[in-house]
file target.pdb (PDB, C-alpha atoms and all ligand atoms)
ATOM      1  CA  LEU A   1      -4.454 -16.025 -12.314
ATOM      2  CA  SER A   2      -6.064 -16.497 -15.711
ATOM      3  CA  ARG A   3      -7.550 -13.016 -15.735
ATOM      4  CA  LEU A   4      -4.309 -11.136 -15.108
ATOM      5  CA  HIS A   5      -3.481  -8.895 -18.072
ATOM      6  CA  THR A   6       0.006  -7.662 -17.286
ATOM      7  CA  ALA A   7       3.384  -7.865 -19.019
ATOM      8  CA  TRP A   8       5.449  -8.734 -15.929
ATOM      9  CA  ALA A   9       3.687  -8.004 -12.637
ATOM     10  CA  GLY A  10       2.507 -11.354 -11.310
ATOM     11  CA  HIS A  11       4.584 -13.484 -13.696
ATOM     12  CA  PRO A  12       5.001 -15.892 -12.103
ATOM     13  CA  THR A  13       2.349 -15.911  -9.369
ATOM     14  CA  VAL A  14       3.057 -18.328  -6.539
ATOM     15  CA  PHE A  15       0.028 -19.479  -4.489
ATOM     16  CA  LEU A  16       0.623 -20.828  -0.994
ATOM     17  CA  GLU A  17      -1.871 -22.314   1.431
ATOM     18  CA  LYS A  18       0.040 -20.735   4.282
ATOM     19  CA  THR A  19       3.260 -18.942   5.068
ATOM     20  CA  ASP A  20       4.680 -16.834   7.880
ATOM     21  CA  SER A  21       4.419 -13.613   5.888
ATOM     22  CA  THR A  22       4.241 -13.158   2.113
ATOM     23  CA  ASN A  23       6.829 -10.369   2.502
ATOM     24  CA  ASN A  24       9.245 -12.820   4.148
ATOM     25  CA  GLU A  25       8.489 -15.451   1.520
ATOM     26  CA  ALA A  26       9.100 -12.976  -1.322
ATOM     27  CA  LYS A  27      12.412 -11.917   0.277
ATOM     28  CA  ARG A  28      13.552 -15.540   0.602
ATOM     29  CA  ARG A  29      12.660 -16.137  -3.025
ATOM     30  CA  ALA A  30      14.473 -12.939  -4.066
ATOM     31  CA  GLU A  31      17.620 -14.223  -2.412
ATOM     32  CA  ALA A  32      17.174 -17.544  -4.224
ATOM     33  CA  GLY A  33      17.056 -15.694  -7.570
ATOM     34  CA  ALA A  34      13.314 -15.176  -8.205
ATOM     35  CA  ALA A  35      12.504 -12.782 -11.033
ATOM     36  CA  HIS A  36      11.371  -9.159 -10.946
ATOM     37  CA  GLY A  37       7.566  -9.300 -11.005
ATOM     38  CA  THR A  38       7.184 -12.495  -8.973
ATOM     39  CA  LEU A  39       3.987 -12.344  -6.913
ATOM     40  CA  VAL A  40       3.454 -14.387  -3.752
ATOM     41  CA  VAL A  41      -0.156 -14.879  -2.625
ATOM     42  CA  ALA A  42      -1.080 -16.796   0.535
ATOM     43  CA  GLU A  43      -4.432 -17.962   1.883
ATOM     44  CA  LEU A  44      -3.197 -17.629   5.447
ATOM     45  CA  GLN A  45      -0.308 -15.804   7.126
ATOM     46  CA  GLU A  46       0.866 -17.087  10.479
ATOM     47  CA  ALA A  47       2.986 -14.028  11.236
ATOM     48  CA  GLY A  48       1.602 -11.243   9.039
ATOM     49  CA  LYS A  49       3.504  -7.998   9.577
ATOM     50  CA  GLY A  50       2.176  -4.455   9.708
ATOM     51  CA  ARG A  51       4.045  -1.185   9.726
ATOM     52  CA  ARG A  52       5.981  -0.019  12.784
ATOM     53  CA  GLY A  53       6.569  -3.609  13.907
ATOM     54  CA  ARG A  54       2.889  -4.332  14.445
ATOM     55  CA  CYS A  55       1.174  -7.658  13.686
ATOM     56  CA  TRP A  56      -1.237  -7.884  10.778
ATOM     57  CA  THR A  57      -4.136 -10.262  11.440
ATOM     58  CA  SER A  58      -4.366 -12.502   8.366
ATOM     59  CA  PRO A  59      -7.090 -15.140   8.683
ATOM     60  CA  GLY A  60      -7.373 -17.912   6.107
ATOM     61  CA  GLY A  61      -9.704 -17.902   3.125
ATOM     62  CA  THR A  62     -11.136 -14.408   3.381
ATOM     63  CA  GLY A  63      -8.334 -11.920   2.879
ATOM     64  CA  ILE A  64      -5.935 -10.973   0.128
ATOM     65  CA  TRP A  65      -2.402 -11.324   1.478
ATOM     66  CA  MET A  66       0.148 -10.798  -1.255
ATOM     67  CA  THR A  67       3.613  -9.437  -2.025
ATOM     68  CA  LEU A  68       5.219  -8.346  -5.281
ATOM     69  CA  LEU A  69       8.977  -8.658  -5.760
ATOM     70  CA  LEU A  70      10.748  -5.881  -7.661
ATOM     71  CA  LYS A  71      14.372  -5.580  -8.676
ATOM     72  CA  PRO A  72      14.484  -1.960  -9.791
ATOM     73  CA  ASP A  73      17.384   0.078 -11.176
ATOM     74  CA  PHE A  74      16.706   3.317  -9.370
ATOM     75  CA  SER A  75      18.324   4.433  -6.130
ATOM     76  CA  PRO A  76      17.355   3.279  -2.615
ATOM     77  CA  SER A  77      16.060   6.739  -1.698
ATOM     78  CA  GLN A  78      13.373   6.441  -4.371
ATOM     79  CA  ALA A  79      11.943   3.140  -3.151
ATOM     80  CA  SER A  80       9.651   4.606  -0.482
ATOM     81  CA  MET A  81       7.626   6.232  -3.262
ATOM     82  CA  LEU A  82       6.604   2.790  -4.511
ATOM     83  CA  THR A  83       4.300   2.494  -1.528
ATOM     84  CA  LEU A  84       2.337   5.486  -2.787
ATOM     85  CA  VAL A  85       2.289   4.002  -6.295
ATOM     86  CA  ALA A  86       0.903   0.798  -4.799
ATOM     87  CA  ALA A  87      -1.757   2.702  -2.839
ATOM     88  CA  MET A  88      -3.057   4.263  -6.056
ATOM     89  CA  ALA A  89      -3.070   0.864  -7.733
ATOM     90  CA  VAL A  90      -5.051  -0.733  -4.912
ATOM     91  CA  ALA A  91      -7.606   2.089  -4.960
ATOM     92  CA  ASP A  92      -8.041   1.634  -8.718
ATOM     93  CA  GLY A  93      -8.130  -2.149  -8.492
ATOM     94  CA  ILE A  94     -10.777  -2.122  -5.759
ATOM     95  CA  GLY A  95     -12.845   0.333  -7.782
ATOM     96  CA  ARG A  96     -12.652  -1.697 -10.978
ATOM     97  CA  ALA A  97     -13.343  -5.039  -9.328
ATOM     98  CA  THR A  98     -16.076  -4.003  -6.872
ATOM     99  CA  GLY A  99     -17.301  -0.495  -7.709
ATOM    100  CA  LEU A 100     -16.287   0.673  -4.213
ATOM    101  CA  ASP A 101     -14.569   4.029  -3.861
ATOM    102  CA  ALA A 102     -11.495   3.686  -1.658
ATOM    103  CA  GLY A 103      -9.588   6.794  -0.621
ATOM    104  CA  ILE A 104      -5.966   7.097   0.457
ATOM    105  CA  LYS A 105      -4.938   8.217   3.906
ATOM    106  CA  TRP A 106      -1.401   9.475   3.424
ATOM    107  CA  PRO A 107       0.919   7.816   2.785
ATOM    108  CA  ASN A 108      -0.587   4.427   2.049
ATOM    109  CA  ASP A 109      -3.640   3.326   3.982
ATOM    110  CA  LEU A 110      -6.757   2.616   1.952
ATOM    111  CA  VAL A 111      -9.920   3.754   3.655
ATOM    112  CA  ILE A 112     -13.637   3.275   2.934
ATOM    113  CA  GLY A 113     -16.261   5.023   5.072
ATOM    114  CA  GLY A 114     -13.602   6.176   7.521
ATOM    115  CA  LYS A 115     -12.278   2.657   8.177
ATOM    116  CA  LYS A 116      -9.139   0.946   6.950
ATOM    117  CA  VAL A 117      -9.623  -1.704   4.279
ATOM    118  CA  CYS A 118      -6.017  -2.219   3.155
ATOM    119  CA  GLY A 119      -2.496  -1.711   4.461
ATOM    120  CA  ILE A 120       0.788  -1.739   2.563
ATOM    121  CA  LEU A 121       4.229  -2.666   3.869
ATOM    122  CA  THR A 122       7.220  -2.043   1.600
ATOM    123  CA  GLU A 123      10.585  -3.517   2.564
ATOM    124  CA  MET A 124      13.908  -3.164   0.811
ATOM    125  CA  SER A 125      17.292  -4.834   0.723
ATOM    126  CA  ALA A 126      19.852  -2.322  -0.531
ATOM    127  CA  GLU A 127      23.470  -1.209  -0.555
ATOM    128  CA  PRO A 128      24.160   2.534  -0.147
ATOM    129  CA  ASP A 129      23.871   3.144  -3.892
ATOM    130  CA  TYR A 130      21.837   0.313  -5.322
ATOM    131  CA  ILE A 131      18.786  -1.804  -4.565
ATOM    132  CA  ASN A 132      19.028  -5.582  -4.324
ATOM    133  CA  HIS A 133      15.278  -5.964  -4.169
ATOM    134  CA  VAL A 134      12.090  -4.345  -2.925
ATOM    135  CA  VAL A 135       9.013  -6.222  -1.761
ATOM    136  CA  ILE A 136       5.615  -4.552  -1.720
ATOM    137  CA  GLY A 137       3.245  -6.333   0.646
ATOM    138  CA  ILE A 138      -0.450  -5.623   0.352
ATOM    139  CA  GLY A 139      -3.125  -6.789   2.765
ATOM    140  CA  ILE A 140      -6.717  -6.247   1.635
ATOM    141  CA  ASN A 141      -9.604  -7.140   3.922
ATOM    142  CA  ALA A 142     -11.675  -8.740   1.176
ATOM    143  CA  ASN A 143     -14.375 -11.132   2.414
ATOM    144  CA  ILE A 144     -13.850 -10.743   6.142
ATOM    145  CA  GLU A 145     -17.330 -10.816   7.702
ATOM    146  CA  GLU A 146     -16.511  -9.719  11.206
ATOM    147  CA  PHE A 147     -13.602  -8.081  13.025
ATOM    148  CA  PRO A 148     -12.666  -8.581  16.648
ATOM    149  CA  GLU A 149     -14.185  -5.857  18.787
ATOM    150  CA  GLU A 150     -10.918  -3.975  19.253
ATOM    151  CA  LEU A 151     -10.583  -3.619  15.456
ATOM    152  CA  SER A 152     -14.180  -3.123  14.367
ATOM    153  CA  GLU A 153     -14.154   0.648  14.936
ATOM    154  CA  ARG A 154     -11.131   1.102  12.702
ATOM    155  CA  ALA A 155     -11.247  -1.734  10.153
ATOM    156  CA  THR A 156     -13.625  -2.739   7.406
ATOM    157  CA  SER A 157     -13.722  -5.140   4.464
ATOM    158  CA  LEU A 158     -14.867  -5.112   0.868
ATOM    159  CA  PHE A 159     -17.605  -7.556   1.901
ATOM    160  CA  LEU A 160     -18.869  -5.329   4.709
ATOM    161  CA  GLU A 161     -18.849  -2.246   2.484
ATOM    162  CA  SER A 162     -20.488  -3.796  -0.583
ATOM    163  CA  GLY A 163     -22.703  -6.402   1.080
ATOM    164  CA  LYS A 164     -21.368  -8.978  -1.387
ATOM    165  CA  ARG A 165     -18.570 -11.468  -1.424
ATOM    166  CA  VAL A 166     -15.923 -10.243  -3.830
ATOM    167  CA  CYS A 167     -13.929 -12.394  -6.238
ATOM    168  CA  ARG A 168     -10.417 -12.205  -4.798
ATOM    169  CA  ALA A 169      -8.722 -13.270  -8.050
ATOM    170  CA  GLU A 170     -10.386 -10.382  -9.812
ATOM    171  CA  VAL A 171      -9.311  -7.815  -7.211
ATOM    172  CA  ILE A 172      -5.750  -9.160  -7.375
ATOM    173  CA  ALA A 173      -5.676  -8.962 -11.178
ATOM    174  CA  ARG A 174      -7.082  -5.420 -11.329
ATOM    175  CA  VAL A 175      -4.611  -4.207  -8.661
ATOM    176  CA  TRP A 176      -1.538  -5.446 -10.531
ATOM    177  CA  GLU A 177      -2.782  -4.207 -13.895
ATOM    178  CA  ALA A 178      -3.147  -0.740 -12.380
ATOM    179  CA  PHE A 179       0.197  -1.068 -10.593
ATOM    180  CA  GLU A 180       2.050  -1.929 -13.781
ATOM    181  CA  LYS A 181       0.598   1.095 -15.561
ATOM    182  CA  TYR A 182       1.469   3.484 -12.713
ATOM    183  CA  TYR A 183       4.912   1.936 -12.227
ATOM    184  CA  GLU A 184       5.779   2.563 -15.895
ATOM    185  CA  GLU A 185       4.706   6.206 -15.398
ATOM    186  CA  PHE A 186       6.809   6.449 -12.235
ATOM    187  CA  LEU A 187       9.889   5.133 -14.080
ATOM    188  CA  LYS A 188       9.761   7.996 -16.586
ATOM    189  CA  THR A 189      10.960  10.457 -13.951
ATOM    190  CA  ALA A 190      11.740   8.115 -11.040
ATOM    191  CA  ASP A 191       9.538  10.343  -8.943
ATOM    192  CA  LEU A 192       5.841  10.981  -8.458
ATOM    193  CA  SER A 193       5.533  14.108 -10.612
ATOM    194  CA  PRO A 194       3.553  12.311 -13.369
ATOM    195  CA  LEU A 195       1.236  10.711 -10.783
ATOM    196  CA  LYS A 196       0.797  13.541  -8.297
ATOM    197  CA  GLU A 197      -2.621  14.582  -9.601
ATOM    198  CA  VAL A 198      -4.050  11.062  -9.588
ATOM    199  CA  TYR A 199      -2.700  10.497  -6.092
ATOM    200  CA  GLU A 200      -4.125  13.789  -4.828
ATOM    201  CA  SER A 201      -7.526  13.007  -6.360
ATOM    202  CA  ARG A 202      -7.645   9.948  -4.081
ATOM    203  CA  LEU A 203      -6.124  11.657  -1.043
ATOM    204  CA  LEU A 204      -8.620  11.873   1.822
ATOM    205  CA  ASN A 205      -6.365  14.276   3.729
ATOM    206  CA  MET A 206      -6.529  16.844   0.908
ATOM    207  CA  ASP A 207      -7.468  20.265   2.339
ATOM    208  CA  GLN A 208      -8.269  18.610   5.666
ATOM    209  CA  ALA A 209      -6.905  19.337   9.111
ATOM    210  CA  VAL A 210      -4.016  17.088  10.116
ATOM    211  CA  CYS A 211      -2.080  16.761  13.290
ATOM    212  CA  VAL A 212       1.603  16.033  12.708
ATOM    213  CA  LEU A 213       3.642  14.287  15.327
ATOM    214  CA  ASP A 214       7.342  14.717  14.577
ATOM    215  CA  PRO A 215      10.412  14.262  16.769
ATOM    216  CA  LYS A 216      10.155  17.900  17.930
ATOM    217  CA  GLY A 217       6.513  17.600  19.019
ATOM    218  CA  GLU A 218       2.991  17.950  17.753
ATOM    219  CA  TRP A 219       1.629  20.641  15.463
ATOM    220  CA  LYS A 220      -1.509  21.219  13.414
ATOM    221  CA  GLY A 221      -2.143  22.327   9.869
ATOM    222  CA  ILE A 222      -4.028  21.734   6.636
ATOM    223  CA  ALA A 223      -2.802  19.127   4.135
ATOM    224  CA  ARG A 224      -2.360  20.645   0.686
ATOM    225  CA  GLY A 225      -1.159  17.654  -1.353
ATOM    226  CA  ILE A 226       2.133  15.863  -1.929
ATOM    227  CA  ASP A 227       5.426  16.863  -3.492
ATOM    228  CA  GLU A 228       7.168  14.877  -6.238
ATOM    229  CA  ASN A 229       8.862  12.685  -3.625
ATOM    230  CA  GLY A 230       5.605  11.732  -1.950
ATOM    231  CA  ARG A 231       6.062  13.932   1.103
ATOM    232  CA  LEU A 232       2.900  15.496   2.506
ATOM    233  CA  LEU A 233       2.628  19.276   2.110
ATOM    234  CA  VAL A 234       1.151  20.828   5.220
ATOM    235  CA  GLU A 235       0.232  24.466   5.724
ATOM    236  CA  PRO A 236       0.827  25.126   9.418
ATOM    237  CA  GLU A 237      -2.067  26.626  11.325
ATOM    238  CA  ASN A 238       0.094  29.555  12.441
ATOM    239  CA  GLY A 239       0.183  30.691   8.808
ATOM    240  CA  LYS A 240       3.887  30.064   8.291
ATOM    241  CA  ARG A 241       5.370  28.568   5.116
ATOM    242  CA  ILE A 242       4.172  25.156   3.862
ATOM    243  CA  LYS A 243       6.198  22.344   5.413
ATOM    244  CA  THR A 244       7.010  18.977   3.851
ATOM    245  CA  VAL A 245       6.365  15.975   6.047
ATOM    246  CA  ASP A 246       8.254  12.736   5.566
ATOM    247  CA  SER A 247       6.450   9.465   6.266
ATOM    248  CA  GLY A 248       9.402   7.928   8.054
ATOM    249  CA  GLU A 249       9.514  10.691  10.648
ATOM    250  CA  VAL A 250       5.963  11.421  11.530
ATOM    251  CA  SER A 251       2.534  10.147  12.144
ATOM    252  CA  VAL A 252      -0.366  12.107  10.738
ATOM    253  CA  ARG A 253      -3.762  12.128  12.380
ATOM    254  CA  GLY A 254      -7.005  13.305  10.895
ATOM    255  CA  VAL A 255      -9.532  11.554   8.569
TER     256      VAL A 255
HETATM  257  C1  LIG B 301       0.035  -1.750   7.720
HETATM  258  O1  LIG B 301      -0.911  -1.016   7.400
HETATM  259  O2  LIG B 301       0.472  -1.768   8.874
HETATM  260  C2  LIG B 301       0.666  -2.619   6.667
HETATM  261  C3  LIG B 301       0.017  -3.973   6.572
HETATM  262  C4  LIG B 301       0.592  -4.853   5.479
HETATM  263  C5  LIG B 301       0.008  -6.247   5.468
HETATM  264  C6  LIG B 301       0.441  -7.056   4.293
HETATM  265  S1  LIG B 301      -0.411  -8.602   4.170
HETATM  266  C7  LIG B 301       0.681  -9.128   2.919
HETATM  267  C8  LIG B 301       2.061  -8.671   3.326
HETATM  268  N1  LIG B 301       2.710  -9.635   4.202
HETATM  269  C9  LIG B 301       2.890  -9.146   5.429
HETATM  270  O3  LIG B 301       3.408  -9.774   6.368
HETATM  271  N2  LIG B 301       2.445  -7.883   5.499
HETATM  272  C10 LIG B 301       1.921  -7.433   4.223
END

call {"tool": "encode", "arguments": {"input": "target.pdb", "output": "structure tokens", "more": "lines below"}}
Ligand code: BTN
result
Amino acid sequence: LSRLHTAWAGHPTVFLEKTDSTNNEAKRRAEAGAAHGTLVVAELQEAGKGRRGRCWTSPGGTGIWMTLLLKPDFSPSQASMLTLVAAMAVADGIGRATGLDAGIKWPNDLVIGGKKVCGILTEMSAEPDYINHVVIGIGINANIEEFPEELSERATSLFLESGKRVCRAEVIARVWEAFEKYYEEFLKTADLSPLKEVYESRLLNMDQAVCVLDPKGEWKGIARGIDENGRLLVEPENGKRIKTVDSGEVSVRGV
């Protein structure tokens, strides 16, 4: 990646023609001693993984399927916030490389024109009080020209939105440059307080109706932003106090 201007993110970058999942590959390399900042990029994933155990369709040659390995010093409870840091970085990177304006659907889907263009899957290996490693997997629908019918209502690509083929190396470089900058900010407090405003400026749910599905049932409200831990703040429709919503527990509809 000759155009990558970062101090550590993406050094080294490992390119693979194919792998099962770049997240799995990054985890194997972590266990074999790979360095903090190692980036794995694959042309094709044979078993790409999405959140909640779903598959992530990862055709060859047209997508950006990549995973960054981190070996951070902070505590395991803070790692889930990295997904939100990554979402901001992808939004910035897409903007810089293509001019497209991608918004964030909390916590970490990137959306253009109401359709998903990128998903992020963060996985961690940790002991109760320290992290062995974290992998941040990012799937960007870059030059995909057509989606299967069952996906076409919900998914889009940078190509479909801009009408042009995008340079994948450039998107990758701009994403990790933005990530490194935001990650350094995040480390100052080990929470999202320095980044809250930037995140909220990209948040499509901001001041919008959301439907929260938590273990106790479904309720409606208006999203009012995030707290310093990345939880969504929702003002319930019955006018009661603002509630914080954790991404592990709930699914949020709206947008
Ligand atoms: C989601 O929105 O469900 C998350 C999708 C994450 C997909 C990326 S593609 C690169 C990395 N490797 C994987 O197996 N998954 C992530």

call {"tool": "residues_near_point", "arguments": {"input": "target.pdb", "point": "(9.2, -2.8, -12.1)", "cutoff": "7 Å", "atoms": "all atoms listed in the file", "output": "PyMOL selection string"}}
result
chain A and resi 36-37+70-72+183

call {"tool": "residues_near_ligand", "arguments": {"input": "target.pdb", "ligand": "ligand LIG 301 (chain B)", "cutoff": "10 Å", "atoms": "only C-alpha atoms and all ligand atoms", "output": "ChimeraX atom specification"}}
result
/A:19-26,40-42,44-58,63-68,108-110,116-123,135-141

call {"tool": "residues_around", "arguments": {"input": "target.pdb", "residues": "Ser125 of chain A", "least_positions_apart": "6", "cutoff": "10 Å", "atoms": "all atoms listed in the file", "output": "PDB file with C-alpha atoms, in the coordinates of the input"}}
result
ATOM      1  CA  LYS A  27      12.412 -11.917   0.277  1.00  0.00           C
ATOM      2  CA  ALA A  30      14.473 -12.939  -4.066  1.00  0.00           C
ATOM      3  CA  GLU A  31      17.620 -14.223  -2.412  1.00  0.00           C
ATOM      4  CA  LYS A  71      14.372  -5.580  -8.676  1.00  0.00           C
ATOM      5  CA  PRO A  76      17.355   3.279  -2.615  1.00  0.00           C
ATOM      6  CA  ILE A 131      18.786  -1.804  -4.565  1.00  0.00           C
ATOM      7  CA  ASN A 132      19.028  -5.582  -4.324  1.00  0.00           C
ATOM      8  CA  HIS A 133      15.278  -5.964  -4.169  1.00  0.00           C
ATOM      9  CA  VAL A 134      12.090  -4.345  -2.925  1.00  0.00           C
ATOM     10  CA  VAL A 135       9.013  -6.222  -1.761  1.00  0.00           C
TER      11      VAL A 135
END

call {"tool": "closest_residue", "arguments": {"input": "target.pdb", "among": "A:Phe147, A:Trp106, A:Phe179, A:Phe15", "to": "Met206 of chain A", "atoms": "all atoms listed in the file"}}
result
A:Trp106

call {"tool": "atom_distance", "arguments": {"input": "target.pdb", "atom1": "atom CA of Thr83 of chain A", "atom2": "atom CA of Gly230 of chain A"}}
result
9.3 Å

call {"tool": "atom_distance", "arguments": {"input": "target.pdb", "atom1": "atom CA of Gln208 of chain A", "atom2": "atom CA of Pro107 of chain A"}}
result
14.5 Å

call {"tool": "closest_residue", "arguments": {"input": "target.pdb", "among": "A:Gly114, A:Gly10, A:Pro194, A:Pro128", "to": "Asn229 of chain A", "atoms": "all atoms listed in the file"}}
result
A:Pro194

call {"tool": "closest_residue", "arguments": {"input": "target.pdb", "among": "A:Thr244, A:Ser77, A:Thr62, A:Thr13", "to": "Ala142 of chain A", "atoms": "all atoms listed in the file"}}
result
A:Thr62

call {"tool": "closest_residue", "arguments": {"input": "target.pdb", "among": "A:Leu192, A:Ala169, A:Ala79, A:Leu100", "to": "Asp129 of chain A", "atoms": "all atoms listed in the file"}}
result
A:Ala79

call {"tool": "atom_distance", "arguments": {"input": "target.pdb", "atom1": "atom CA of Arg174 of chain A", "atom2": "atom CA of Arg231 of chain A"}}
result
26.5 Å

call {"tool": "residues_around", "arguments": {"input": "target.pdb", "residues": "Ala190 of chain A", "least_positions_apart": "6", "cutoff": "10 Å", "atoms": "all atoms listed in the file", "output": "NGL selection string"}}
result
:A and (73-75 or 78-79 or 81-82 or 183-184 or 228-229)

call {"tool": "residues_near_point", "arguments": {"input": "target.pdb", "point": "(-7.9, 7.7, 3.6)", "cutoff": "7 Å", "atoms": "all atoms listed in the file", "output": "MDAnalysis selection string"}}
result
chainID A and resid 103:106 109:111 203:205 255

call {"tool": "write_last_selection", "arguments": {"input": "target.pdb", "atoms": "C-alpha atoms", "output": "compact mmCIF listing (two decimals), keeping the file's coordinate frame"}}
result
# COMPACT_ATOMS: atom_id res chain seq x y z
CA GLY A 103 -9.59 6.79 -0.62
CA ILE A 104 -5.97 7.10 0.46
CA LYS A 105 -4.94 8.22 3.91
CA TRP A 106 -1.40 9.48 3.42
CA ASP A 109 -3.64 3.33 3.98
CA LEU A 110 -6.76 2.62 1.95
CA VAL A 111 -9.92 3.75 3.66
CA LEU A 203 -6.12 11.66 -1.04
CA LEU A 204 -8.62 11.87 1.82
CA ASN A 205 -6.36 14.28 3.73
CA VAL A 255 -9.53 11.55 8.57

call {"tool": "closest_residue", "arguments": {"input": "target.pdb", "among": "A:Ala32, A:Ala173, A:Cys167, A:Leu160", "to": "His11 of chain A", "atoms": "all atoms listed in the file"}}
result
A:Ala173
